[in-house]
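S.K.: Right, I'll just put the structure down here and ask away after.
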Amino acid sequence: MHNKTIAELSIALRDGQVSSTELTTQMLQRVKTHDATLNSFVTVTEDLALAQARAADERIAAGAAGPLTGIPIAHKDIFCTLDVRTSCGSRMLEGFVSPYDATVVANLQRAGAVMLGKTNMDEFAMGSSNETSYYGPVRNPWDTETVPGGSSGGSAAAVAARLCAAATGTDTGGSIRQPAALTGITGLKPTYGRCSRWGMIAFASSLDQAGPMTRSAEDAALMLAAMAGFDERDSTSAQRPVDDYVGALGSPIKGVRIGIVKEFMGEGLDAGVGASVSAALDELTRLGAELVEVSLPNAGLSVPAYYVVAPAECSSNLARFDGVRYGHRCTDPKDLEDLYKRSRSEGFGAEVKRRIMIGTYALSAGYYDAYYLKAQKVRQLIADDFRRAFAACDVIVGPTAPGTAFRLGEKADDPVSMYLQDIYTIAVNLAGLPGMSIPAPASDGMPVGLQLIGNYFDEARLLNVAHQLQLATDWHRQAPADFV
Amino acid sequence: MSLSADDVAKIAHLARLAVEPRESEALGRELSSILDLVAQMDAVDTADVPPMAHPLEMAQRLRADVVTEEDRRERYQAHAPAVENGLFLVPKVLE
């Protein structure tokens, strides 16, 4: 049962082949068996899950079920969950119990999904390997000596290892797509503003976006349909109707113009990953898509611009952790300044402190024009590049990450080499566009991610192209041998 | 770009972080390497480019000026490190 997709489980639940209580019990048992190895969950909410499963079974019996009713999922620990620990991967929030649900969590609960627990993540979503978590690194189920990517590494590993049918993630610079690529699953970062940020602990507010992590594009459509929508409690929530993502999955892709970014296919890309991406492009061509070359001349500046914009917003957002209202507080502060400084230094890990300091420096008196203003201008150039590219194509396709999963510790001492994991994903966040990662053919037995980038609010088309490719191939059905 | 120990101390103070002197050299090196990466932006001329503050063209929404939040002070203070009579406690600020 655990190998089935949401779409398949939904039918099994409706036809009475399995109850949600049975399914949830089975998944909780898998978490117990496998997660000592993976460390993908930081909190397992067994009692709550079983109560939600019983409620789902009643709803199914009453004929009032939706496609997610009774489906066991997990939430990245960045989402606030009522009466459940919410730690954001940080010592700062160790033991914090949220007094409310994030909108995305509430939306999925309303759809009947069952929450198995909260997944591990890089601290405050800052990282690309899940090694910055205060709660220990997550291991990649395909090779437990390698990382699952980050920051949504726990969600990615849990979905890949079949410990839950799907999970939520967040993506500020690639944190859904890169871990999806490294663990062989499907992950979608919607257009900025499509899913509510309310109750999602803030990192960089002009970039943060929630999205689904699943084992198929069809499942991503089912999840996004429940997650997305306007929310008056999020001041930048998009005020427009949610498209019918599931209904759009049936269109043939003959004639769809696929843009190949020439800057993404050259230097810096692992040869094996490049070959896998080419194989996926061949398959898209076979399905009738037209390939056109497009150029994003300023994409190479996306990582530099991001490492001003994101740290600047992070330094501002994380100022709220002051040891006064919630979170870690140092013992015996001698004065207010000592209280702030020691509480923050003890509560935050090294990567978070680095980013707070970079942001503080970039925003400090005399440096604003050279850093923040400059980065916002580069951001505009990058958005303009995409606008021109989408005049010539419908969907951009290329690699998600420059290589396959790397070994634990390999990049941990060199922040800049870690940042370059996101060279293909960050431009998408800066422009605010939707992007997704789906499995391409494996390289040396390790998963490879194919990135699809769409125009603003064009998630339905992205999902359909991904779904058509998945109907014709079995790359997304590959599973890590020790976890089937 | 190379940040000195004094630069690191100044930034740490602005960020209200305590940095031990033994950490500041390594931290200075790491921050400098990030600023070197950032400096690649200088390769492009942006004199006539308008800054992009936000990905979507949207105006700030307004709402009616009425109370919409219920009083949840007790709930929200339940996880505060130190409270008394509904107030957050901090070390004495004024003598």
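Labels for the structure tokens follow display order: chains A, B, ..., residues from 1 in each chain, ligands from 1.
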Would you mind listing what lies within 12 Å of Leu94 in chain B as an mmCIF file with C-alpha atoms, in the first residue's frame, with only C-alpha atoms counted and same-chain residues fewer than 2 positions away left out?

M.R.:
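This is the output file selection-v3.cif:
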```cif
data_model
loop_
_atom_site.group_PDB
_atom_site.id
_atom_site.type_symbol
_atom_site.label_atom_id
_atom_site.label_comp_id
_atom_site.auth_asym_id
_atom_site.auth_seq_id
_atom_site.Cartn_x
_atom_site.Cartn_y
_atom_site.Cartn_z
ATOM 1 C CA ASP A 335 21.111 43.520 31.008
ATOM 2 C CA LEU A 336 18.827 43.787 27.986
ATOM 3 C CA VAL B 90 13.174 41.665 30.731
ATOM 4 C CA PRO B 91 16.195 42.827 32.746
ATOM 5 C CA LYS B 92 15.813 46.307 34.206
#
```

S.K.: Using only C-alpha atoms, I'd like every residue of chain B that has an atom within 8 Å of chain A; please write them out as a VMD selection string.

M.R.: chain B and resid 11 to 12 14 to 19 27 30 to 31 33 to 35 37 to 41 46 49 to 56 60 to 61 75 to 77 79 to 82 88 to 93

S.K.: From the options A:Ala125, A:Ala248, A:Val294, A:Val105, which residue's atoms come nearest to Ala226 in chain A, counting only C-alpha atoms?

M.R.: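 With only C-alpha atoms as the atom set, the closest residue is A:Val105.
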
S.K.: Please report the interatomic distance between CA of Ala165 in chain A and CA of Leu28 in chain A in Å with one decimal.

M.R.: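 Taking CA of Ala165 in chain A as the start and CA of Leu28 in chain A as the end point, the length is 11.7 Å.
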
S.K.: Could you pull out the strand (DSSP E or B) residues of range 113-196 of chain A, going by DSSP on the backbone, and write them as a PyMOL selection string?

M.R.: chain A and resi 114-119+140+143+146+166-170+186-189+195

S.K.: Please write the residues from the selection above to a file, keeping N, CA, C and O atoms, as a tab-separated table (two decimals), in the first residue's frame.

M.R.:
```tsv
chain	number	residue	atom	x	y	z
A	114	VAL	N	-4.38	13.34	6.59
A	114	VAL	CA	-3.99	12.92	7.93
A	114	VAL	C	-2.53	13.31	8.16
A	114	VAL	O	-1.67	12.96	7.36
A	115	MET	N	-2.25	14.05	9.24
A	115	MET	CA	-0.86	14.46	9.51
A	115	MET	C	-0.14	13.43	10.37
A	115	MET	O	-0.53	13.18	11.50
A	116	LEU	N	0.91	12.83	9.79
A	116	LEU	CA	1.70	11.84	10.55
A	116	LEU	C	2.69	12.53	11.47
A	116	LEU	O	3.09	11.96	12.49
A	117	GLY	N	3.15	13.72	11.10
A	117	GLY	CA	4.12	14.41	11.94
A	117	GLY	C	4.79	15.54	11.18
A	117	GLY	O	4.31	15.96	10.11
A	118	LYS	N	5.89	16.01	11.76
A	118	LYS	CA	6.62	17.17	11.24
A	118	LYS	C	8.00	16.71	10.77
A	118	LYS	O	8.67	15.94	11.46
A	119	THR	N	8.42	17.24	9.64
A	119	THR	CA	9.68	16.76	9.07
A	119	THR	C	10.85	17.70	9.33
A	119	THR	O	10.70	18.91	9.44
A	140	ASN	N	19.83	10.46	2.87
A	140	ASN	CA	19.13	10.20	1.61
A	140	ASN	C	18.83	8.71	1.50
A	140	ASN	O	19.75	7.90	1.57
A	143	ASP	N	21.06	6.49	-0.79
A	143	ASP	CA	22.41	6.17	-0.32
A	143	ASP	C	22.58	6.95	0.98
A	143	ASP	O	22.71	8.17	0.96
A	146	THR	N	24.80	9.87	1.78
A	146	THR	CA	24.65	11.16	1.08
A	146	THR	C	23.51	11.97	1.68
A	146	THR	O	22.68	11.44	2.43
A	166	ALA	N	2.79	12.01	0.82
A	166	ALA	CA	3.20	13.32	0.31
A	166	ALA	C	3.60	14.17	1.50
A	166	ALA	O	3.32	13.80	2.64
A	167	ALA	N	4.25	15.29	1.22
A	167	ALA	CA	4.62	16.20	2.30
A	167	ALA	C	4.59	17.62	1.78
A	167	ALA	O	4.65	17.86	0.57
A	168	THR	N	4.51	18.56	2.73
A	168	THR	CA	4.63	19.95	2.34
A	168	THR	C	6.10	20.36	2.41
A	168	THR	O	6.89	19.78	3.16
A	169	GLY	N	6.45	21.37	1.64
A	169	GLY	CA	7.79	21.94	1.68
A	169	GLY	C	7.68	23.43	1.48
A	169	GLY	O	6.59	23.96	1.23
A	170	THR	N	8.80	24.12	1.62
A	170	THR	CA	8.85	25.54	1.27
A	170	THR	C	10.11	25.76	0.45
A	170	THR	O	11.08	25.01	0.55
A	186	THR	N	8.84	14.28	-6.94
A	186	THR	CA	8.28	15.42	-7.64
A	186	THR	C	8.03	16.54	-6.64
A	186	THR	O	7.43	16.29	-5.60
A	187	GLY	N	8.51	17.74	-6.94
A	187	GLY	CA	8.29	18.87	-6.03
A	187	GLY	C	7.95	20.11	-6.83
A	187	GLY	O	8.53	20.37	-7.87
A	188	LEU	N	6.98	20.86	-6.34
A	188	LEU	CA	6.53	22.06	-7.05
A	188	LEU	C	6.60	23.29	-6.17
A	188	LEU	O	6.04	23.30	-5.07
A	189	LYS	N	7.31	24.31	-6.65
A	189	LYS	CA	7.25	25.63	-6.03
A	189	LYS	C	6.30	26.47	-6.86
A	189	LYS	O	6.60	26.79	-8.00
A	195	CYS	N	0.30	30.15	-2.65
A	195	CYS	CA	-0.05	29.53	-1.37
A	195	CYS	C	0.21	30.54	-0.26
A	195	CYS	O	1.20	31.29	-0.31
```

S.K.: Which polymer residues have any atom within 12 Å of an atom of Leu471 in chain A, counting only C-alpha atoms, with same-chain residues fewer than 2 positions away left out, as number ranges by chain?

M.R.: A: 216-218, 249-253, 283-284, 287, 464-469, 473-477

S.K.: Please determine, counting only C-alpha atoms, which residue among A:Gln52, A:Phe406, A:Glu145, A:Asp83 has the shortest atom-to-atom distance to Ala78 in chain B.

M.R.: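 Among the listed residues, the smallest separation from Ala78 in chain B belongs to A:Asp83.
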
S.K.: Apply DSSP to the backbone of this structure and, from chain B, keep only the residues in helix (DSSP H, G or I); write these as a PyMOL selection string.

M.R.: chain B and resi 5-14+21-43+73-77

S.K.: Write a file of the selected residues as a CSV table (one decimal), in the first residue's frame, keeping N, CA and C atoms.

M.R.:
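result12.csv was written with the following content:
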```csv
chain,number,residue,atom,x,y,z
B,5,ALA,N,38.6,41.9,12.0
B,5,ALA,CA,37.9,41.5,13.3
B,5,ALA,C,37.0,42.6,13.8
B,6,ASP,N,37.5,43.9,13.6
B,6,ASP,CA,36.6,45.0,14.0
B,6,ASP,C,35.3,45.1,13.3
B,7,ASP,N,35.4,44.8,11.9
B,7,ASP,CA,34.2,44.8,11.1
B,7,ASP,C,33.2,43.7,11.6
B,8,VAL,N,33.8,42.5,11.9
B,8,VAL,CA,32.9,41.4,12.4
B,8,VAL,C,32.3,41.8,13.7
B,9,ALA,N,33.0,42.4,14.6
B,9,ALA,CA,32.5,42.8,15.9
B,9,ALA,C,31.4,43.8,15.7
B,10,LYS,N,31.6,44.8,14.8
B,10,LYS,CA,30.6,45.8,14.6
B,10,LYS,C,29.3,45.2,14.0
B,11,ILE,N,29.4,44.4,13.0
B,11,ILE,CA,28.2,43.7,12.4
B,11,ILE,C,27.5,42.9,13.4
B,12,ALA,N,28.3,42.1,14.2
B,12,ALA,CA,27.7,41.3,15.2
B,12,ALA,C,26.9,42.1,16.2
B,13,HIS,N,27.4,43.2,16.6
B,13,HIS,CA,26.7,44.1,17.5
B,13,HIS,C,25.4,44.6,16.9
B,14,LEU,N,25.5,45.1,15.6
B,14,LEU,CA,24.3,45.5,15.0
B,14,LEU,C,23.2,44.4,14.9
B,21,PRO,N,35.9,36.3,20.5
B,21,PRO,CA,37.0,36.7,19.7
B,21,PRO,C,37.7,35.5,18.9
B,22,ARG,N,37.6,34.3,19.5
B,22,ARG,CA,38.2,33.2,18.8
B,22,ARG,C,37.5,32.8,17.6
B,23,GLU,N,36.2,33.2,17.5
B,23,GLU,CA,35.4,32.8,16.3
B,23,GLU,C,35.5,33.9,15.2
B,24,SER,N,36.0,35.1,15.6
B,24,SER,CA,35.8,36.2,14.6
B,24,SER,C,36.7,36.1,13.4
B,25,GLU,N,37.8,35.4,13.5
B,25,GLU,CA,38.7,35.3,12.3
B,25,GLU,C,38.1,34.4,11.3
B,26,ALA,N,37.6,33.2,11.7
B,26,ALA,CA,37.0,32.3,10.8
B,26,ALA,C,35.7,32.9,10.2
B,27,LEU,N,34.9,33.5,11.0
B,27,LEU,CA,33.7,34.2,10.6
B,27,LEU,C,34.0,35.3,9.6
B,28,GLY,N,35.0,36.1,9.9
B,28,GLY,CA,35.4,37.1,8.9
B,28,GLY,C,35.7,36.5,7.5
B,29,ARG,N,36.4,35.4,7.5
B,29,ARG,CA,36.8,34.8,6.3
B,29,ARG,C,35.6,34.3,5.5
B,30,GLU,N,34.7,33.6,6.3
B,30,GLU,CA,33.4,33.1,5.7
B,30,GLU,C,32.6,34.2,5.1
B,31,LEU,N,32.4,35.3,5.9
B,31,LEU,CA,31.6,36.4,5.4
B,31,LEU,C,32.2,37.1,4.2
B,32,SER,N,33.6,37.2,4.2
B,32,SER,CA,34.3,37.8,3.1
B,32,SER,C,34.1,37.0,1.8
B,33,SER,N,34.1,35.6,2.0
B,33,SER,CA,33.9,34.8,0.8
B,33,SER,C,32.5,34.9,0.2
B,34,ILE,N,31.5,35.1,1.1
B,34,ILE,CA,30.2,35.4,0.6
B,34,ILE,C,30.1,36.7,-0.1
B,35,LEU,N,30.7,37.7,0.5
B,35,LEU,CA,30.7,39.1,-0.1
B,35,LEU,C,31.5,39.1,-1.5
B,36,ASP,N,32.5,38.2,-1.6
B,36,ASP,CA,33.2,38.1,-2.9
B,36,ASP,C,32.2,37.5,-3.9
B,37,LEU,N,31.4,36.5,-3.5
B,37,LEU,CA,30.4,36.0,-4.4
B,37,LEU,C,29.4,37.1,-4.9
B,38,VAL,N,29.0,37.8,-3.9
B,38,VAL,CA,28.0,38.9,-4.1
B,38,VAL,C,28.6,40.0,-5.1
B,39,ALA,N,29.9,40.2,-5.0
B,39,ALA,CA,30.5,41.3,-5.8
B,39,ALA,C,30.5,41.0,-7.3
B,40,GLN,N,30.1,39.7,-7.6
B,40,GLN,CA,30.0,39.4,-9.1
B,40,GLN,C,28.9,40.3,-9.7
B,41,MET,N,28.0,40.8,-8.9
B,41,MET,CA,26.9,41.7,-9.4
B,41,MET,C,27.5,42.9,-10.1
B,42,ASP,N,28.7,43.3,-9.6
B,42,ASP,CA,29.3,44.5,-10.2
B,42,ASP,C,29.6,44.5,-11.7
B,43,ALA,N,29.6,43.2,-12.2
B,43,ALA,CA,30.0,43.0,-13.6
B,43,ALA,C,28.9,43.6,-14.5
B,73,ARG,N,-4.1,36.9,24.6
B,73,ARG,CA,-2.9,37.2,25.3
B,73,ARG,C,-2.4,36.0,26.1
B,74,GLU,N,-3.3,35.4,26.9
B,74,GLU,CA,-2.8,34.3,27.7
B,74,GLU,C,-2.2,33.2,26.9
B,75,ARG,N,-2.9,32.9,25.8
B,75,ARG,CA,-2.4,31.8,25.0
B,75,ARG,C,-1.0,32.1,24.4
B,76,TYR,N,-0.9,33.3,23.9
B,76,TYR,CA,0.4,33.7,23.3
B,76,TYR,C,1.5,33.9,24.3
B,77,GLN,N,1.1,34.2,25.6
B,77,GLN,CA,2.2,34.4,26.6
B,77,GLN,C,2.6,33.1,27.2
```

S.K.: Work out how far apart CA of Phe386 in chain A and CA of Arg177 in chain A are and give it in Å to one decimal.

M.R.: 18.5 Å
